[in-house]
file coords.txt (compact mmCIF, C-alpha atoms)
# COMPACT_ATOMS: atom_id res chain seq x y z
CA MET O 775 0.00 0.00 0.00
CA ILE O 776 1.30 3.45 -0.87
CA ALA O 777 0.40 6.18 1.65
CA PHE O 778 -0.48 9.58 0.15
CA GLN O 779 -0.28 12.36 2.70
CA LEU O 780 -1.52 15.73 1.51
CA SER O 781 1.43 17.46 3.12
CA ARG O 782 3.67 15.41 0.85
CA LEU O 783 1.57 16.10 -2.23
CA GLN O 784 1.16 19.83 -1.65
CA PRO O 785 3.24 21.77 -4.20
CA GLN O 786 5.64 24.55 -3.32
CA PRO O 787 4.28 28.07 -4.01
CA SER O 788 7.12 28.67 -6.45
CA ALA O 789 6.01 25.66 -8.51
CA VAL O 790 2.43 26.95 -8.63
CA TYR O 791 3.55 30.42 -9.66
CA ALA O 792 5.81 28.97 -12.38
CA ALA O 793 3.00 26.75 -13.67
CA LEU O 794 0.80 29.83 -14.05
CA GLY O 795 3.39 31.85 -15.93
CA LEU O 796 5.19 33.94 -13.30
CA LYS O 797 8.70 34.75 -14.43
CA SER O 798 11.45 33.23 -12.34
CA GLY O 799 12.63 35.80 -9.80
CA SER O 800 9.38 37.80 -9.95
CA ARG O 801 7.19 38.12 -6.88
CA PRO O 802 3.43 37.61 -7.04
CA SER O 803 1.15 40.39 -5.89
CA PRO O 804 0.09 40.27 -2.20
CA ARG O 805 -3.45 39.55 -3.35
CA SER O 806 -2.35 36.57 -5.48
CA SER O 807 -0.22 35.28 -2.60
CA ALA O 808 -3.24 35.45 -0.30
CA LEU O 809 -5.34 33.64 -2.90
CA LEU O 810 -2.74 30.89 -3.16
CA GLN O 811 -2.96 30.37 0.60
CA ARG O 812 -6.71 30.03 0.23
CA ALA O 813 -6.21 27.58 -2.66
CA LEU O 814 -3.91 25.47 -0.48
CA GLU O 815 -6.54 25.42 2.27
CA LEU O 816 -9.14 24.25 -0.24
CA PHE O 817 -6.67 21.63 -1.52
CA HIS O 818 -6.51 20.21 2.00
CA THR O 819 -10.24 20.28 2.62
CA CYS O 820 -11.38 19.00 -0.80
CA SER O 821 -8.77 16.36 -1.71
CA GLU O 822 -9.51 12.68 -1.21
CA PRO O 823 -6.28 11.03 -2.39
CA GLN O 824 -6.36 7.36 -3.23
CA GLY O 825 -3.98 5.16 -5.16
CA VAL O 826 -3.84 1.58 -6.34
CA SER O 827 -0.91 -0.43 -7.62
CA GLU O 828 -0.21 -3.99 -8.71
CA SER O 829 3.04 -5.78 -9.44
CA ILE O 830 3.19 -7.18 -12.97
CA SER O 831 5.59 -9.38 -14.93
CA GLN O 832 7.40 -8.25 -18.05
CA ASP O 833 5.38 -10.60 -20.24
CA GLU O 834 2.11 -9.35 -18.78
CA PHE O 835 3.16 -5.74 -19.22
CA ALA O 836 4.30 -6.40 -22.79
CA ASP O 837 0.71 -7.34 -23.59
CA ILE O 838 -0.70 -4.29 -21.80
CA TYR O 839 1.81 -2.02 -23.49
CA SER O 840 0.88 -3.33 -26.95
CA GLY O 841 -2.59 -1.90 -26.32
CA GLN O 842 -4.62 -1.46 -29.49
CA GLY O 843 -1.50 -1.55 -31.64
CA ARG O 844 -1.41 2.26 -31.99
CA ASN O 845 1.88 3.05 -30.27
CA ALA O 846 4.62 4.89 -32.16
CA PRO O 847 6.91 2.46 -34.02
CA ALA O 848 9.76 3.13 -31.57
CA THR O 849 9.41 4.48 -28.04
CA PRO O 850 11.65 4.88 -24.98
CA LEU O 851 9.47 2.65 -22.82
CA ALA O 852 9.62 -0.23 -25.31
CA GLU O 853 13.41 -0.24 -24.85
CA ILE O 854 13.32 0.40 -21.09
CA PHE O 855 10.83 -2.01 -19.56
CA PRO O 856 12.55 -5.23 -20.70
CA HIS O 857 15.49 -4.22 -18.47
CA ALA O 858 13.37 -3.45 -15.41
CA ASP O 859 13.79 -5.27 -12.11
CA ARG O 860 10.22 -4.45 -11.10
CA LEU O 861 7.10 -3.25 -12.84
CA HIS O 862 3.99 -1.98 -11.10
CA LEU O 863 0.79 -0.75 -12.71
CA PHE O 864 -0.38 2.35 -10.90
CA ALA O 865 -3.30 4.76 -10.74
CA PHE O 866 -4.04 7.66 -8.41
CA THR O 867 -6.76 10.23 -7.98
CA LEU O 868 -7.31 13.32 -5.85
CA GLY O 869 -11.02 12.56 -6.07
CA GLU O 870 -14.08 14.22 -7.53
CA ARG O 871 -14.64 16.77 -4.77
CA ILE O 872 -11.69 18.96 -5.72
CA SER O 873 -12.69 18.93 -9.40
CA GLY O 874 -16.18 19.95 -8.31
CA GLU O 875 -14.77 22.81 -6.23
CA ILE O 876 -12.72 24.09 -9.18
CA LYS O 877 -15.83 24.08 -11.37
CA ARG O 878 -17.83 25.85 -8.65
CA LEU O 879 -15.22 28.59 -8.34
CA PHE O 880 -15.23 29.28 -12.07
CA ALA O 881 -19.03 29.19 -12.18
CA SER O 882 -19.17 31.81 -9.43
CA ASP O 883 -16.66 34.07 -11.23
CA ASP O 884 -13.93 33.33 -8.69
CA PHE O 885 -11.58 32.75 -11.60
CA ALA O 886 -8.27 33.59 -9.98
CA LEU O 887 -8.84 31.24 -7.04
CA GLY O 888 -10.17 28.58 -9.43
CA SER O 889 -7.05 28.76 -11.59
CA LEU O 890 -4.79 28.56 -8.53
CA LEU O 891 -6.64 25.56 -7.11
CA ASP O 892 -6.52 23.87 -10.53
CA ALA O 893 -2.75 24.38 -10.73
CA VAL O 894 -2.26 23.16 -7.13
CA ALA O 895 -4.32 20.03 -7.84
CA SER O 896 -2.51 19.23 -11.10
CA LEU O 897 0.90 19.58 -9.47
CA ALA O 898 -0.26 17.48 -6.51
CA ALA O 899 -1.44 14.69 -8.82
CA ASP O 900 1.96 14.73 -10.54
CA GLN O 901 3.67 14.66 -7.15
CA ALA O 902 1.71 11.50 -6.32
CA GLY O 903 3.65 9.91 -9.18
CA ARG O 904 6.91 10.88 -7.48
CA VAL O 905 5.69 9.44 -4.14
CA ALA O 906 4.83 6.19 -5.90
CA GLU O 907 8.23 6.12 -7.60
CA GLU O 908 9.97 6.46 -4.24
CA TRP O 909 7.82 3.67 -2.81
CA VAL O 910 8.77 1.30 -5.62
CA GLU O 911 12.44 2.26 -5.24
CA ARG O 912 12.27 1.28 -1.56
CA GLN O 913 10.62 -2.02 -2.49
CA ALA O 914 13.26 -2.73 -5.13
CA ALA O 915 16.20 -1.60 -2.93
CA GLY O 916 15.35 -4.23 -0.35
CA GLN O 917 15.88 -6.95 -2.90
CA LYS O 918 19.05 -5.87 -4.61
CA ASP O 919 22.70 -5.54 -3.70
CA GLY O 920 24.78 -2.79 -5.19
CA ALA O 921 23.54 0.50 -6.66
CA LEU O 922 20.14 1.78 -5.55
CA PRO O 923 17.44 1.35 -8.16
CA ARG O 924 15.61 4.26 -9.81
CA ALA O 925 11.93 4.14 -10.56
CA PHE O 926 10.00 6.33 -12.95
CA LEU O 927 6.32 6.48 -13.88
CA TYR O 928 5.50 6.18 -17.57
CA SER O 929 1.97 7.01 -18.68
CA PRO O 930 -0.20 6.31 -21.72
CA GLY O 931 -0.50 9.37 -23.91
CA TYR O 932 3.16 10.30 -23.56
CA CYS O 933 6.40 9.44 -25.35
CA GLY O 934 4.80 7.35 -28.05
CA TRP O 935 2.69 5.14 -25.79
CA HIS O 936 -0.72 5.76 -27.34
CA ILE O 937 -3.41 6.94 -24.97
CA SER O 938 -5.57 3.97 -25.97
CA GLY O 939 -3.11 1.98 -23.86
CA GLN O 940 -5.31 3.04 -20.93
CA GLU O 941 -7.82 0.40 -22.00
CA LYS O 942 -5.71 -2.67 -21.19
CA LEU O 943 -4.15 -0.94 -18.17
CA PHE O 944 -7.59 -0.31 -16.74
CA ALA O 945 -8.78 -3.81 -17.57
CA ARG O 946 -5.94 -5.27 -15.51
CA LEU O 947 -5.63 -2.77 -12.64
CA ARG O 948 -9.34 -1.90 -12.24
CA PRO O 949 -8.88 1.68 -10.92
CA GLU O 950 -12.65 1.89 -10.80
CA LYS O 951 -12.27 0.48 -7.30
CA ILE O 952 -10.82 3.85 -6.23
CA GLY O 953 -13.33 5.84 -8.27
CA ILE O 954 -11.44 6.43 -11.52
CA SER O 955 -13.34 5.78 -14.73
CA LEU O 956 -12.30 5.91 -18.38
CA ASN O 957 -14.47 7.28 -21.20
CA ALA O 958 -14.51 6.29 -24.86
CA SER O 959 -11.79 8.87 -25.63
CA PHE O 960 -9.61 7.36 -22.87
CA LEU O 961 -10.14 10.37 -20.64
CA MET O 962 -9.89 9.60 -16.92
CA THR O 963 -12.34 11.09 -14.50
CA PRO O 964 -11.99 12.58 -11.93
CA LEU O 965 -9.73 14.84 -14.00
CA LYS O 966 -7.04 15.07 -11.32
CA SER O 967 -5.99 11.47 -11.81
CA ILE O 968 -2.87 9.84 -13.16
CA SER O 969 -2.05 6.31 -14.29
CA GLY O 970 0.74 4.34 -15.82
CA VAL O 971 3.48 1.84 -15.08
CA LEU O 972 6.19 2.29 -12.46
CA VAL O 973 9.45 0.93 -13.85
CA ALA O 974 12.26 0.23 -11.38
CA GLY O 975 15.79 -0.77 -12.24
CA PRO O 976 19.34 0.57 -12.50
CA ALA O 977 19.33 4.30 -13.28
CA ALA O 978 20.97 3.67 -16.64
CA ILE O 979 17.98 1.80 -18.04
CA HIS O 980 15.95 5.04 -18.04
CA GLN O 981 18.41 6.92 -20.21
CA PHE O 982 17.47 7.34 -23.86
CA SER O 983 18.45 9.50 -26.78
CA GLU O 984 16.02 12.13 -27.96
CA VAL O 985 15.75 10.86 -31.51
CA TYR O 986 12.07 10.02 -31.52
CA PRO O 987 9.88 12.00 -33.94
CA PHE O 988 7.36 12.86 -31.23
CA CYS O 989 10.03 14.55 -29.07
CA ALA O 990 10.01 17.51 -31.46
CA HIS O 991 6.38 18.30 -30.56
CA CYS O 992 6.59 17.59 -26.84
CA LYS O 993 5.36 20.47 -24.67
CA SER O 994 6.17 18.84 -21.34
CA PRO O 995 9.71 17.37 -21.52
CA THR O 996 9.73 16.15 -17.94
CA CYS O 997 12.20 13.47 -19.07
CA ARG O 998 14.95 16.10 -19.00
CA GLU O 999 13.90 17.51 -15.62
CA ARG O 1000 13.81 14.02 -14.21
CA GLY O 1001 17.25 13.19 -15.57
CA MET O 1002 15.93 10.48 -17.82
CA ALA O 1003 16.93 11.63 -21.27
CA ARG O 1004 20.29 12.37 -22.76
CA SER O 1005 20.74 14.24 -26.01
CA ALA O 1006 21.50 12.27 -29.13
CA MET A 1068 -9.35 62.33 -18.78
CA GLU A 1069 -8.09 61.49 -15.34
CA ILE A 1070 -11.05 59.35 -14.32
CA LEU A 1071 -10.47 57.01 -17.27
CA LYS A 1072 -6.84 56.52 -16.25
CA GLN A 1073 -8.02 55.73 -12.72
CA ILE A 1074 -10.46 53.14 -14.07
CA ALA A 1075 -7.71 51.51 -16.13
CA GLN A 1076 -5.27 51.48 -13.20
CA CYS A 1077 -7.79 50.02 -10.75
CA LEU A 1078 -8.72 47.39 -13.30
CA GLU A 1079 -5.06 46.49 -13.80
CA VAL A 1080 -4.70 45.63 -10.10
CA GLY A 1081 -7.98 43.74 -10.09
CA ASP A 1082 -9.89 46.10 -7.81
CA ASP A 1083 -13.37 44.93 -8.73
CA ALA A 1084 -14.96 46.83 -5.83
CA VAL A 1085 -13.63 50.20 -6.95
CA VAL A 1086 -14.07 49.98 -10.74
CA PRO A 1087 -17.92 50.15 -10.79
CA PRO A 1088 -18.14 53.36 -8.68
CA LEU A 1089 -15.46 54.93 -10.87
CA VAL A 1090 -17.42 53.97 -13.98
CA ARG A 1091 -20.55 55.56 -12.49
CA GLN A 1092 -18.53 58.66 -11.67
CA ALA A 1093 -17.28 58.84 -15.26
CA LEU A 1094 -20.86 58.60 -16.51
CA ALA A 1095 -21.90 61.33 -14.09
CA GLU A 1096 -19.13 63.51 -15.50
CA GLY A 1097 -20.76 63.15 -18.92
CA ILE A 1098 -18.29 60.76 -20.53
CA VAL A 1099 -20.10 58.56 -23.04
CA PRO A 1100 -20.21 54.80 -22.29
CA LYS A 1101 -18.22 53.82 -25.40
CA THR A 1102 -15.36 56.11 -24.38
CA ILE A 1103 -15.37 54.71 -20.83
CA LEU A 1104 -15.29 51.20 -22.32
CA ASP A 1105 -12.50 51.88 -24.80
CA GLU A 1106 -10.27 54.27 -22.85
CA GLY A 1107 -10.94 52.96 -19.35
CA LEU A 1108 -11.81 49.27 -19.26
CA ILE A 1109 -10.34 47.94 -22.50
CA ALA A 1110 -7.27 50.15 -22.16
CA GLY A 1111 -6.67 48.62 -18.73
CA MET A 1112 -7.14 45.06 -20.06
CA ASN A 1113 -4.77 45.77 -22.95
CA THR A 1114 -2.06 46.79 -20.47
CA VAL A 1115 -2.76 43.63 -18.47
CA GLY A 1116 -2.57 41.55 -21.65
CA GLU A 1117 0.79 43.00 -22.61
CA LYS A 1118 2.24 42.48 -19.12
CA PHE A 1119 1.00 38.89 -19.20
CA ARG A 1120 2.48 38.33 -22.64
CA VAL A 1121 5.95 39.24 -21.37
CA HIS A 1122 5.36 37.34 -18.08
CA ASP A 1123 5.57 40.40 -15.85
CA ILE A 1124 2.33 39.23 -14.27
CA PHE A 1125 0.80 35.79 -14.22
CA LEU A 1126 -2.56 34.22 -14.86
CA PRO A 1127 -4.33 34.92 -11.54
CA ASP A 1128 -3.50 38.62 -11.94
CA VAL A 1129 -5.09 38.56 -15.41
CA LEU A 1130 -8.17 36.87 -14.01
CA LEU A 1131 -8.47 39.37 -11.16
CA ALA A 1132 -8.32 42.13 -13.76
CA ALA A 1133 -10.91 40.34 -15.88
CA LYS A 1134 -13.26 40.19 -12.90
CA ALA A 1135 -12.79 43.94 -12.39
CA MET A 1136 -13.55 44.38 -16.11
CA TYR A 1137 -16.76 42.40 -15.76
CA ALA A 1138 -17.77 44.53 -12.76
CA GLY A 1139 -17.28 47.67 -14.82
CA MET A 1140 -19.11 46.15 -17.79
CA ASP A 1141 -22.12 45.33 -15.61
CA VAL A 1142 -22.59 49.08 -15.18
CA LEU A 1143 -22.00 49.93 -18.84
CA LYS A 1144 -23.71 47.06 -20.64
CA PRO A 1145 -27.31 48.30 -20.58
CA LEU A 1146 -26.15 51.73 -21.71
CA LEU A 1147 -24.02 50.29 -24.51
CA ILE A 1148 -26.91 48.16 -25.72
CA SER A 1149 -29.33 51.08 -25.78
CA ALA A 1150 -26.73 53.18 -27.61
CA GLY A 1151 -26.40 50.43 -30.21
CA VAL A 1152 -22.75 49.75 -29.40
CA SER A 1153 -21.86 46.22 -30.42
CA SER A 1154 -19.14 43.97 -29.09
CA ARG A 1155 -15.84 43.36 -30.88
CA GLY A 1156 -17.40 40.22 -32.26
CA ARG A 1157 -18.95 36.95 -31.21
CA VAL A 1158 -16.79 33.92 -30.52
CA VAL A 1159 -18.02 30.38 -30.01
CA ILE A 1160 -15.75 28.26 -27.81
CA GLY A 1161 -15.81 24.72 -26.51
CA SER A 1162 -13.88 21.59 -25.67
CA VAL A 1163 -14.35 19.06 -28.45
CA GLN A 1164 -16.44 15.92 -28.28
CA GLY A 1165 -15.01 13.30 -25.95
CA ASP A 1166 -13.03 15.81 -23.93
CA LEU A 1167 -14.00 17.14 -20.50
CA HIS A 1168 -10.91 19.27 -19.84
CA ASP A 1169 -12.06 22.86 -19.78
CA ILE A 1170 -9.72 25.04 -17.75
CA GLY A 1171 -7.78 26.31 -20.75
CA LYS A 1172 -10.96 26.97 -22.68
CA ASN A 1173 -12.51 28.72 -19.68
CA LEU A 1174 -9.47 30.96 -19.28
CA VAL A 1175 -9.52 31.97 -22.94
CA GLY A 1176 -13.24 32.74 -22.67
CA ILE A 1177 -12.73 34.90 -19.60
CA VAL A 1178 -9.93 36.92 -21.18
CA LEU A 1179 -11.85 37.27 -24.47
CA LYS A 1180 -14.85 38.71 -22.60
CA GLY A 1181 -12.47 41.02 -20.82
CA ALA A 1182 -11.20 42.12 -24.22
CA GLY A 1183 -14.72 43.11 -25.32
CA PHE A 1184 -15.83 40.01 -27.22
CA GLU A 1185 -19.14 38.27 -26.73
CA VAL A 1186 -18.37 34.66 -25.88
CA ILE A 1187 -20.75 31.77 -26.43
CA ASP A 1188 -19.29 28.93 -24.37
CA LEU A 1189 -20.67 25.57 -25.44
CA GLY A 1190 -18.93 23.75 -22.60
CA ASN A 1191 -17.35 20.31 -22.92
CA ASP A 1192 -17.83 17.32 -25.15
CA VAL A 1193 -19.08 19.42 -28.07
CA ALA A 1194 -19.77 17.73 -31.40
CA ALA A 1195 -18.58 19.33 -34.62
CA GLU A 1196 -22.12 20.02 -35.82
CA LYS A 1197 -22.92 21.84 -32.59
CA PHE A 1198 -19.95 24.21 -32.99
CA VAL A 1199 -21.01 25.12 -36.52
CA ALA A 1200 -24.71 25.40 -35.69
CA ALA A 1201 -23.97 27.73 -32.77
CA ALA A 1202 -21.64 29.90 -34.84
CA LYS A 1203 -24.28 30.23 -37.53
CA SER A 1204 -27.19 30.96 -35.24
CA GLN A 1205 -25.19 33.41 -33.11
CA ASP A 1206 -23.54 35.11 -36.08
CA ALA A 1207 -20.12 34.37 -34.65
CA CYS A 1208 -16.95 35.28 -36.49
CA VAL A 1209 -14.64 32.77 -34.79
CA ILE A 1210 -14.90 29.22 -33.46
CA GLY A 1211 -12.32 28.37 -30.82
CA MET A 1212 -11.76 24.70 -30.03
CA SER A 1213 -9.79 23.02 -27.27
CA ALA A 1214 -8.62 19.40 -27.10
CA LEU A 1215 -6.35 17.79 -24.53
CA LEU A 1216 -6.47 14.24 -25.87
CA THR A 1217 -5.03 13.07 -29.18
CA THR A 1218 -8.12 10.90 -29.59
CA THR A 1219 -10.38 13.94 -29.66
CA MET A 1220 -8.36 16.18 -31.98
CA PRO A 1221 -10.02 14.85 -35.15
CA VAL A 1222 -13.21 16.69 -34.18
CA MET A 1223 -11.36 19.92 -34.95
CA LYS A 1224 -10.89 18.80 -38.56
CA GLU A 1225 -14.56 17.88 -38.74
CA VAL A 1226 -15.47 21.46 -37.83
CA VAL A 1227 -13.11 22.93 -40.41
CA ASP A 1228 -14.43 20.58 -43.09
CA LEU A 1229 -18.04 21.31 -42.19
CA LEU A 1230 -17.48 25.05 -42.48
CA LYS A 1231 -15.90 24.57 -45.91
CA LYS A 1232 -18.74 22.31 -47.01
CA GLU A 1233 -21.28 24.96 -46.07
CA ASN A 1234 -19.22 27.76 -47.62
CA LEU A 1235 -18.89 29.43 -44.23
CA ASP A 1236 -15.09 29.41 -43.96
CA GLY A 1237 -14.89 32.93 -45.31
CA ARG A 1238 -16.93 34.47 -42.51
CA ILE A 1239 -16.34 32.02 -39.65
CA LYS A 1240 -12.70 31.47 -38.78
CA THR A 1241 -11.26 28.72 -36.59
CA ILE A 1242 -8.58 28.72 -33.91
CA ILE A 1243 -7.44 25.61 -32.05
CA GLY A 1244 -5.46 24.89 -28.93
CA GLY A 1245 -4.62 22.31 -26.27
CA ALA A 1246 -1.65 20.25 -25.15
CA PRO A 1247 -1.43 17.78 -28.07
CA VAL A 1248 -2.30 20.46 -30.65
CA SER A 1249 0.37 22.31 -32.64
CA GLN A 1250 0.84 24.87 -35.37
CA ASN A 1251 1.63 21.96 -37.69
CA TYR A 1252 -1.65 20.30 -36.88
CA ALA A 1253 -3.54 23.54 -37.46
CA GLY A 1254 -1.93 23.73 -40.88
CA GLU A 1255 -2.69 20.08 -41.63
CA ILE A 1256 -6.39 20.41 -40.96
CA GLY A 1257 -6.81 23.87 -42.41
CA ALA A 1258 -7.58 25.72 -39.17
CA ASP A 1259 -7.00 29.46 -39.48
CA ALA A 1260 -4.94 29.85 -36.33
CA TYR A 1261 -3.35 28.08 -33.38
CA GLY A 1262 -3.04 29.36 -29.84
CA TYR A 1263 -0.12 27.94 -27.88
CA ASP A 1264 -1.42 29.45 -24.66
CA CYS A 1265 -4.16 31.74 -23.41
CA ALA A 1266 -2.35 34.92 -24.41
CA GLN A 1267 -1.62 33.66 -27.92
CA ALA A 1268 -5.16 32.36 -28.32
CA VAL A 1269 -6.68 35.73 -27.45
CA ALA A 1270 -4.26 37.53 -29.78
CA GLY A 1271 -5.20 35.05 -32.51
CA VAL A 1272 -8.93 35.64 -32.04
CA LYS A 1273 -8.41 39.41 -32.21
CA LYS A 1274 -6.59 39.05 -35.53
CA LEU A 1275 -9.16 36.69 -37.00
CA ALA A 1276 -12.09 38.83 -35.90
CA ALA A 1277 -10.49 41.94 -37.37
CA ALA A 1278 -10.03 40.12 -40.68
CA VAL A 1279 -13.68 39.00 -40.85
CA LEU A 1280 -15.55 42.03 -39.49
call {"tool": "encode", "arguments": {"input": "coords.txt", "output": "structure tokens"}}
result
Amino acid sequence: MIAFQLSRLQPQPSAVYAALGLKSGSRPSPRSSALLQRALELFHTCSEPQGVSESISQDEFADIYSGQGRNAPATPLAEIFPHADRLHLFAFTLGERISGEIKRLFASDDFALGSLLDAVASLAADQAGRVAEEWVERQAAGQKDGALPRAFLYSPGYCGWHISGQEKLFARLRPEKIGISLNASFLMTPLKSISGVLVAGPAAIHQFSEVYPFCAHCKSPTCRERGMARSA
Amino acid sequence: MEILKQIAQCLEVGDDAVVPPLVRQALAEGIVPKTILDEGLIAGMNTVGEKFRVHDIFLPDVLLAAKAMYAGMDVLKPLLISAGVSSRGRVVIGSVQGDLHDIGKNLVGIVLKGAGFEVIDLGNDVAAEKFVAAAKSQDACVIGMSALLTTTMPVMKEVVDLLKKENLDGRIKTIIGGAPVSQNYAGEIGADAYGYDCAQAVAGVKKLAAAVL
């Protein structure tokens, strides 16, 4: 079981400001700072974090990863997972209540607070991925001698893994049991949810060259921030 | 006129409690509603838009200013309508069929209203036919579409194709946006513009509306 404490998921103010376009080094207005504090209070009162994970073999994941056959011809994950020591399917949600609160704020013209709460919730959902990665690393470290393993979350819809991959992932993991559903377009609801596979192994297995065609259009190159990619 | 500068400055800092009394004061001083709108409210929003574009302020500041704009507009709107002053144009927006993400679309709608456009927000999960029908019935000049899933992007092409089929592409322009969307994709499907972010989307709508109207 992975424990998700809101204090661990709560983003730093600087991360929220950056996500909403504040230039590095600039200070937000006192009013925006006060609104962020209010957004963080709402984050604590409205979030209902839940996660689910399941260990899976490489053969089983290979079938899930193949999905509907719509992945890019070559992807980083296709090269990475065969070298993993551990694979865990994973899904997490902050729950429907916080999404409802964001909608309510926008509907009542409280746009600034709504946008701050939305950014806080999105960053918190991403942070849940980091918490899960650390959990898998601890699991894998207990079973290996030598260098500590690294774990990263890879998700359908990114890096060539077609979003339709959610279908087989959901069929196996059944995140419906924590309230996450999937629509015909492979959209998860509640919206502040994440899913994917946690891949643990030596740090080197996560390194890849940025030679994939889809890298040119990527608007969220977290691979670089997370130290996963190296330039070709 | 000093009062108009005050309105713009109070709007820029998002003071939605002060803007309406200042607007009433401007009216009492005999300034016509259109001038208050253009040189007070819209002037303030233009400054906000430029500061946002260069990242001197960030999104919540823009939204606070937009709320102050709305507060000022609530005072002016009935007077503008009775004086026959029309908006900068009507824009239909929505998240495409199959998609429930709406924050980006909502933000663009808010800033467009703040910029003096009339926005018809169709919400989420909007079919191509509904976009076109709404644009026709509302006499809109732009359709703005948002998609955050690659599986839903094809709806954008359906809208573009439908407009061409009905010979409406001359008077109803399209702008698209969303995480998986790109300038390349806009070109591929024949959309008129692409908005990388809220600021670019609003700038794009202004250009398209000016070209049509």
call {"tool": "residues_around", "arguments": {"input": "coords.txt", "residues": "A:Ala1138", "least_positions_apart": "2", "cutoff": "12 Å", "atoms": "only C-alpha atoms", "output": "VMD selection string"}}
result
(chain O and resid 883) or (chain A and resid 1074 1077 to 1078 1081 to 1091 1104 1108 1131 to 1136 1140 to 1144 1180 to 1181)
call {"tool": "interface_residues", "arguments": {"input": "coords.txt", "of": "chain O", "to": "chain A", "cutoff": "9 Å", "atoms": "all atoms listed in the file", "output": "PyMOL selection string"}}
result
chain O and resi 791-792+794-797+800-803+805-806+809+877+880+883-890+892+931+936-938+957-961+963+965+991-994
call {"tool": "residues_around", "arguments": {"input": "coords.txt", "residues": "A:Lys1203", "least_positions_apart": "6", "cutoff": "12 Å", "atoms": "only C-alpha atoms", "output": "number ranges by chain"}}
result
A: 1157-1159, 1187, 1196-1197, 1209-1210, 1229-1230, 1233-1236, 1238-1240
call {"tool": "closest_residue", "arguments": {"input": "coords.txt", "among": "O:Ser807, O:Gln913, O:Thr867, O:Ser798", "to": "O:Ala895", "atoms": "only C-alpha atoms"}}
result
O:Thr867
call {"tool": "axis_aligned_box", "arguments": {"input": "coords.txt", "around": "stretch 1249-1256 of chain A", "padding_each_side": "4 Å", "output": "JSON"}}
result
{"center_x": -2.4, "center_y": 22.5, "center_z": -37.1, "size_x": 16.0, "size_y": 12.8, "size_z": 17.0}
call {"tool": "residues_around", "arguments": {"input": "coords.txt", "residues": "O:Asp833", "least_positions_apart": "2", "cutoff": "12 Å", "atoms": "all atoms listed in the file", "output": "PyMOL selection string"}}
result
chain O and resi 830-831+835-840+855-856+858+861
call {"tool": "closest_residue", "arguments": {"input": "coords.txt", "among": "A:Gly1271, A:Gly1183, A:Gly1190, A:Gly1139", "to": "A:Arg1155", "atoms": "all atoms listed in the file"}}
result
A:Gly1183
call {"tool": "closest_residue", "arguments": {"input": "coords.txt", "among": "O:Ile952, O:Ala914, O:Ala925, O:Met775", "to": "O:Ile979", "atoms": "all atoms listed in the file"}}
result
O:Ala925
